[in-house]
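A.B. asks: One file: my_file-v5.cif (mmCIF, C-alpha atoms).
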```cif
data_start
#
loop_
_atom_site.label_atom_id
_atom_site.label_comp_id
_atom_site.auth_asym_id
_atom_site.auth_seq_id
_atom_site.Cartn_x
_atom_site.Cartn_y
_atom_site.Cartn_z
CA MET A 181 -0.95 -5.26 20.05
CA SER A 182 -1.14 -1.92 18.24
CA ARG A 183 2.07 -0.63 19.87
CA LEU A 184 3.94 -3.82 19.03
CA PHE A 185 2.73 -3.59 15.44
CA SER A 186 3.79 0.07 15.19
CA LEU A 187 7.25 -0.77 16.52
CA ALA A 188 7.67 -3.64 14.03
CA LEU A 189 6.55 -1.40 11.17
CA LEU A 190 9.05 1.31 12.14
CA LEU A 191 11.87 -1.22 12.37
CA CYS A 192 11.05 -2.50 8.88
CA LEU A 193 10.92 1.03 7.48
CA PHE A 194 14.49 1.64 8.65
CA ALA A 195 15.83 -1.87 7.97
CA ALA A 196 14.60 -2.25 4.37
CA PRO A 197 17.25 0.05 2.82
CA ALA A 198 20.03 -1.71 4.73
CA LEU A 199 18.81 -5.16 3.62
CA ALA A 200 18.52 -4.13 -0.01
CA GLN A 201 22.15 -3.49 -0.86
CA GLY A 202 22.16 -5.22 -4.22
CA GLY A 203 23.97 -2.37 -5.97
CA LEU A 204 20.84 -1.25 -7.82
CA ASN A 205 19.46 2.26 -7.41
CA PRO A 206 16.30 2.75 -5.34
CA ARG A 207 13.12 3.62 -7.22
CA PHE A 208 10.48 6.08 -6.04
CA GLY A 209 6.85 6.16 -7.05
CA VAL A 210 3.85 8.42 -6.58
CA GLY A 211 0.29 7.72 -7.52
CA PHE A 212 -3.39 7.71 -6.78
CA ASP A 213 -5.51 5.22 -4.81
CA ALA A 214 -9.12 4.28 -5.32
CA LEU A 215 -10.20 2.23 -2.27
CA LEU A 216 -13.25 0.05 -1.87
CA SER A 217 -13.96 -0.97 1.72
CA VAL A 218 -16.47 -3.78 2.20
CA ALA A 219 -17.80 -5.81 5.14
CA SER A 220 -15.94 -3.54 7.53
CA GLY A 221 -18.21 -3.21 10.54
CA GLU A 222 -16.39 -1.45 13.38
CA VAL A 223 -12.98 -1.72 11.68
CA LEU A 224 -13.31 0.76 8.78
CA ASP A 225 -16.00 2.79 7.09
CA ASP A 226 -17.69 0.99 4.20
CA GLY A 227 -17.58 2.79 0.91
CA PHE A 228 -15.36 4.31 -1.74
CA GLY A 229 -12.31 6.45 -1.02
CA LEU A 230 -9.78 8.37 -3.08
CA GLY A 231 -6.23 9.19 -2.08
CA VAL A 232 -2.55 9.65 -2.84
CA ARG A 233 0.33 7.26 -2.24
CA GLY A 234 4.12 7.26 -2.26
CA ARG A 235 6.53 4.33 -2.30
CA ALA A 236 10.28 3.78 -2.18
CA SER A 237 11.57 0.48 -3.54
CA PHE A 238 15.02 -0.91 -2.73
CA PRO A 239 16.09 -3.63 -5.21
CA VAL A 240 17.90 -6.68 -3.86
CA ASN A 241 18.41 -8.04 -7.39
CA ALA A 242 16.68 -7.73 -10.77
CA ASP A 243 13.73 -9.84 -9.58
CA PHE A 244 13.07 -8.85 -5.95
CA SER A 245 12.75 -5.55 -4.06
CA PHE A 246 11.82 -4.39 -0.59
CA ALA A 247 9.38 -1.49 -0.60
CA VAL A 248 8.09 0.96 1.97
CA GLY A 249 5.17 3.21 1.25
CA ALA A 250 2.39 5.26 2.71
CA GLY A 251 -0.94 6.51 1.52
CA PHE A 252 -3.56 8.97 2.63
CA ALA A 253 -7.17 8.53 1.49
CA GLY A 254 -10.49 10.21 2.11
CA PHE A 255 -13.96 8.71 2.01
CA LEU A 256 -15.63 11.89 0.79
CA LEU A 257 -18.80 10.80 -1.00
CA GLY A 258 -20.95 11.47 2.09
CA GLY A 259 -19.98 15.14 1.93
CA ARG A 260 -17.48 17.14 3.96
CA ASP A 261 -19.35 16.76 7.25
CA ASP A 262 -19.38 12.93 7.05
CA ALA A 263 -15.93 12.49 5.46
CA THR A 264 -13.45 10.09 7.05
CA TYR A 265 -9.74 9.76 6.33
CA LEU A 266 -7.22 6.91 6.47
CA PHE A 267 -3.46 6.70 6.84
CA ASN A 268 -2.03 3.54 5.24
CA PRO A 269 1.67 2.64 5.75
CA GLN A 270 2.96 -0.58 4.14
CA VAL A 271 6.13 -2.67 4.03
CA SER A 272 6.23 -5.03 1.07
CA GLY A 273 8.20 -7.48 -0.95
CA VAL A 274 7.93 -7.03 -4.72
CA LEU A 275 8.63 -10.01 -6.99
CA THR A 276 8.95 -9.24 -10.70
CA LEU A 277 7.47 -11.97 -12.90
CA PRO A 278 8.79 -12.88 -16.38
CA ARG A 279 8.35 -9.89 -18.66
CA SER A 280 6.19 -9.55 -21.70
CA PRO A 281 7.42 -7.29 -24.52
CA ARG A 282 5.42 -4.30 -23.25
CA TRP A 283 4.63 -4.81 -19.54
CA ALA A 284 6.51 -5.97 -16.48
CA ARG A 285 4.18 -7.86 -14.14
CA TYR A 286 4.85 -8.16 -10.42
CA LEU A 287 3.45 -9.61 -7.21
CA ILE A 288 3.42 -7.38 -4.16
CA GLY A 289 2.78 -8.62 -0.64
CA GLY A 290 3.51 -7.71 2.94
CA PHE A 291 1.99 -6.01 5.93
CA GLY A 292 0.92 -2.56 6.95
CA GLY A 293 -2.03 -0.88 8.54
CA TYR A 294 -5.14 1.16 7.93
CA PHE A 295 -5.53 3.82 10.60
CA PRO A 296 -8.52 6.20 10.63
CA LEU A 297 -7.66 9.86 11.28
CA GLY A 298 -9.62 12.64 12.86
CA ASP A 299 -12.85 12.01 14.73
CA SER A 300 -13.70 8.68 13.06
CA MET A 301 -15.13 6.16 15.50
CA LYS A 302 -13.69 3.23 13.52
CA GLU A 303 -10.76 1.29 15.01
CA GLY A 304 -8.62 0.40 11.94
CA GLY A 305 -5.75 -1.96 12.55
CA PRO A 306 -2.83 -3.87 11.08
CA SER A 307 -3.21 -5.42 7.64
CA LEU A 308 -1.86 -8.13 5.38
CA HIS A 309 -1.83 -7.53 1.64
CA LEU A 310 -1.15 -9.50 -1.54
CA GLY A 311 -1.68 -8.05 -4.98
CA LEU A 312 -0.71 -7.92 -8.63
CA GLY A 313 0.73 -5.03 -10.60
CA TRP A 314 1.81 -4.08 -14.08
CA ALA A 315 4.54 -1.57 -14.96
CA GLN A 316 4.96 -0.05 -18.42
CA PRO A 317 8.59 1.05 -18.91
CA LEU A 318 9.06 4.41 -20.61
CA ASN A 319 12.33 6.19 -21.40
CA GLU A 320 13.33 7.21 -17.88
CA THR A 321 10.23 6.43 -15.83
CA SER A 322 7.54 3.77 -15.72
CA LEU A 323 3.78 3.86 -15.37
CA TYR A 324 2.22 1.38 -12.96
CA VAL A 325 -1.23 -0.06 -12.30
CA GLU A 326 -1.90 -2.42 -9.41
CA ILE A 327 -4.64 -4.07 -7.42
CA ASN A 328 -3.54 -4.85 -3.88
CA PRO A 329 -6.32 -6.31 -1.65
CA SER A 330 -5.80 -6.21 2.11
CA ILE A 331 -7.29 -7.86 5.14
CA VAL A 332 -7.47 -5.38 8.01
CA ILE A 333 -7.43 -7.03 11.43
CA GLY A 334 -9.60 -5.28 13.99
CA GLU A 335 -10.00 -6.19 17.66
CA THR A 336 -13.11 -8.32 17.18
CA ARG A 337 -13.42 -8.79 13.40
CA THR A 338 -11.65 -8.29 10.09
CA ALA A 339 -12.36 -6.04 7.13
CA ILE A 340 -11.53 -6.26 3.45
CA ILE A 341 -10.24 -3.27 1.52
CA ILE A 342 -9.51 -3.38 -2.19
CA PRO A 343 -7.27 -0.59 -3.49
CA ALA A 344 -6.65 0.02 -7.19
CA ARG A 345 -3.62 2.21 -7.83
CA VAL A 346 -2.12 4.05 -10.77
CA GLY A 347 1.01 6.18 -10.82
CA VAL A 348 4.55 6.89 -11.99
CA ILE A 349 7.82 5.25 -10.91
CA PHE A 350 10.98 7.40 -11.13
#
```
For the structure just supplied, provide its representation as structure tokens.

C.D. replies:
Amino acid sequence: MSRLFSLALLLCLFAAPALAQGGLNPRFGVGFDALLSVASGEVLDDGFGLGVRGRASFPVNADFSFAVGAGFAGFLLGGRDDATYLFNPQVSGVLTLPRSPRWARYLIGGFGGYFPLGDSMKEGGPSLHLGLGWAQPLNETSLYVEINPSIVIGETRTAIIIPARVGVIF
């Protein structure tokens, strides 16, 4: 199952730019993650993690984009000896909602994975996510804030992870 998921994720990473040929320029974003992992059991470590994230978005039209992104987070509050780390790739669809005068709201949903790195004994697994974001347009960039909860599917149970993100879109 994990190999099939990895293959599907790689195919989507390479196919998204080809599908998104709407004549609009791609957008790139970088930001920070704050992750809360709850009810995780063997799937992920419970707790609070901090990390960095990057995303490339390929607009299809003014309202819809395909996005590919990846994050790296560390659960460091137990100290360096007990720290665990996660790699989090995602493929998403981004639907822009009707704008307010100051903020552009959007829904983001898709699939990805949460994969523990290093000597963590947790299994991780593929994930499904659906969240809400806000972008504040500036002159040539935008600031974004989003909450994008995920269900991580382990071999015998699921886990919930709730990331809050803030960053800049170029």

A.B. asks: Considering only C-alpha atoms, state which residue in the set A:Glu326, A:Asp225, A:Asp243, A:Asp213 is at the smallest distance from Ser300 of chain A.

C.D. replies: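 Among the listed residues, the smallest separation from Ser300 of chain A belongs to A:Asp225.
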
A.B. asks: Can you measure atom CA of Ile340 of chain A to atom CA of Ala253 of chain A for me? One decimal in Å is fine.

C.D. replies: 15.5 Å

A.B. asks: I would like the residues chosen by the PyMOL selection byres ((chain A and resi 286) around 6) on the shown file; could you give them as a PyMOL selection string?

C.D. replies: chain A and resi 275-277+285+287+312-313

A.B. asks: In Å to one decimal, how far is atom CA of Phe267 of chain A from atom CA of Ala250 of chain A?

C.D. replies: 7.3 Å

A.B. asks: Quick one: of A:Glu320, A:Gly298, A:Val325, A:Ala247, who's nearest to Trp283 of chain A, counting all atoms listed in the file?

C.D. replies: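 Ranking A:Glu320, A:Gly298, A:Val325, A:Ala247 by distance to Trp283 of chain A, first place goes to A:Val325.
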
A.B. asks: With distances taken over only C-alpha atoms, which of A:Ser245, A:Asn268, A:Thr336, A:Ser280 is nearest to Leu215 of chain A?

C.D. replies: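 Looking at the shortest contact to Leu215 of chain A, the residue is A:Asn268.
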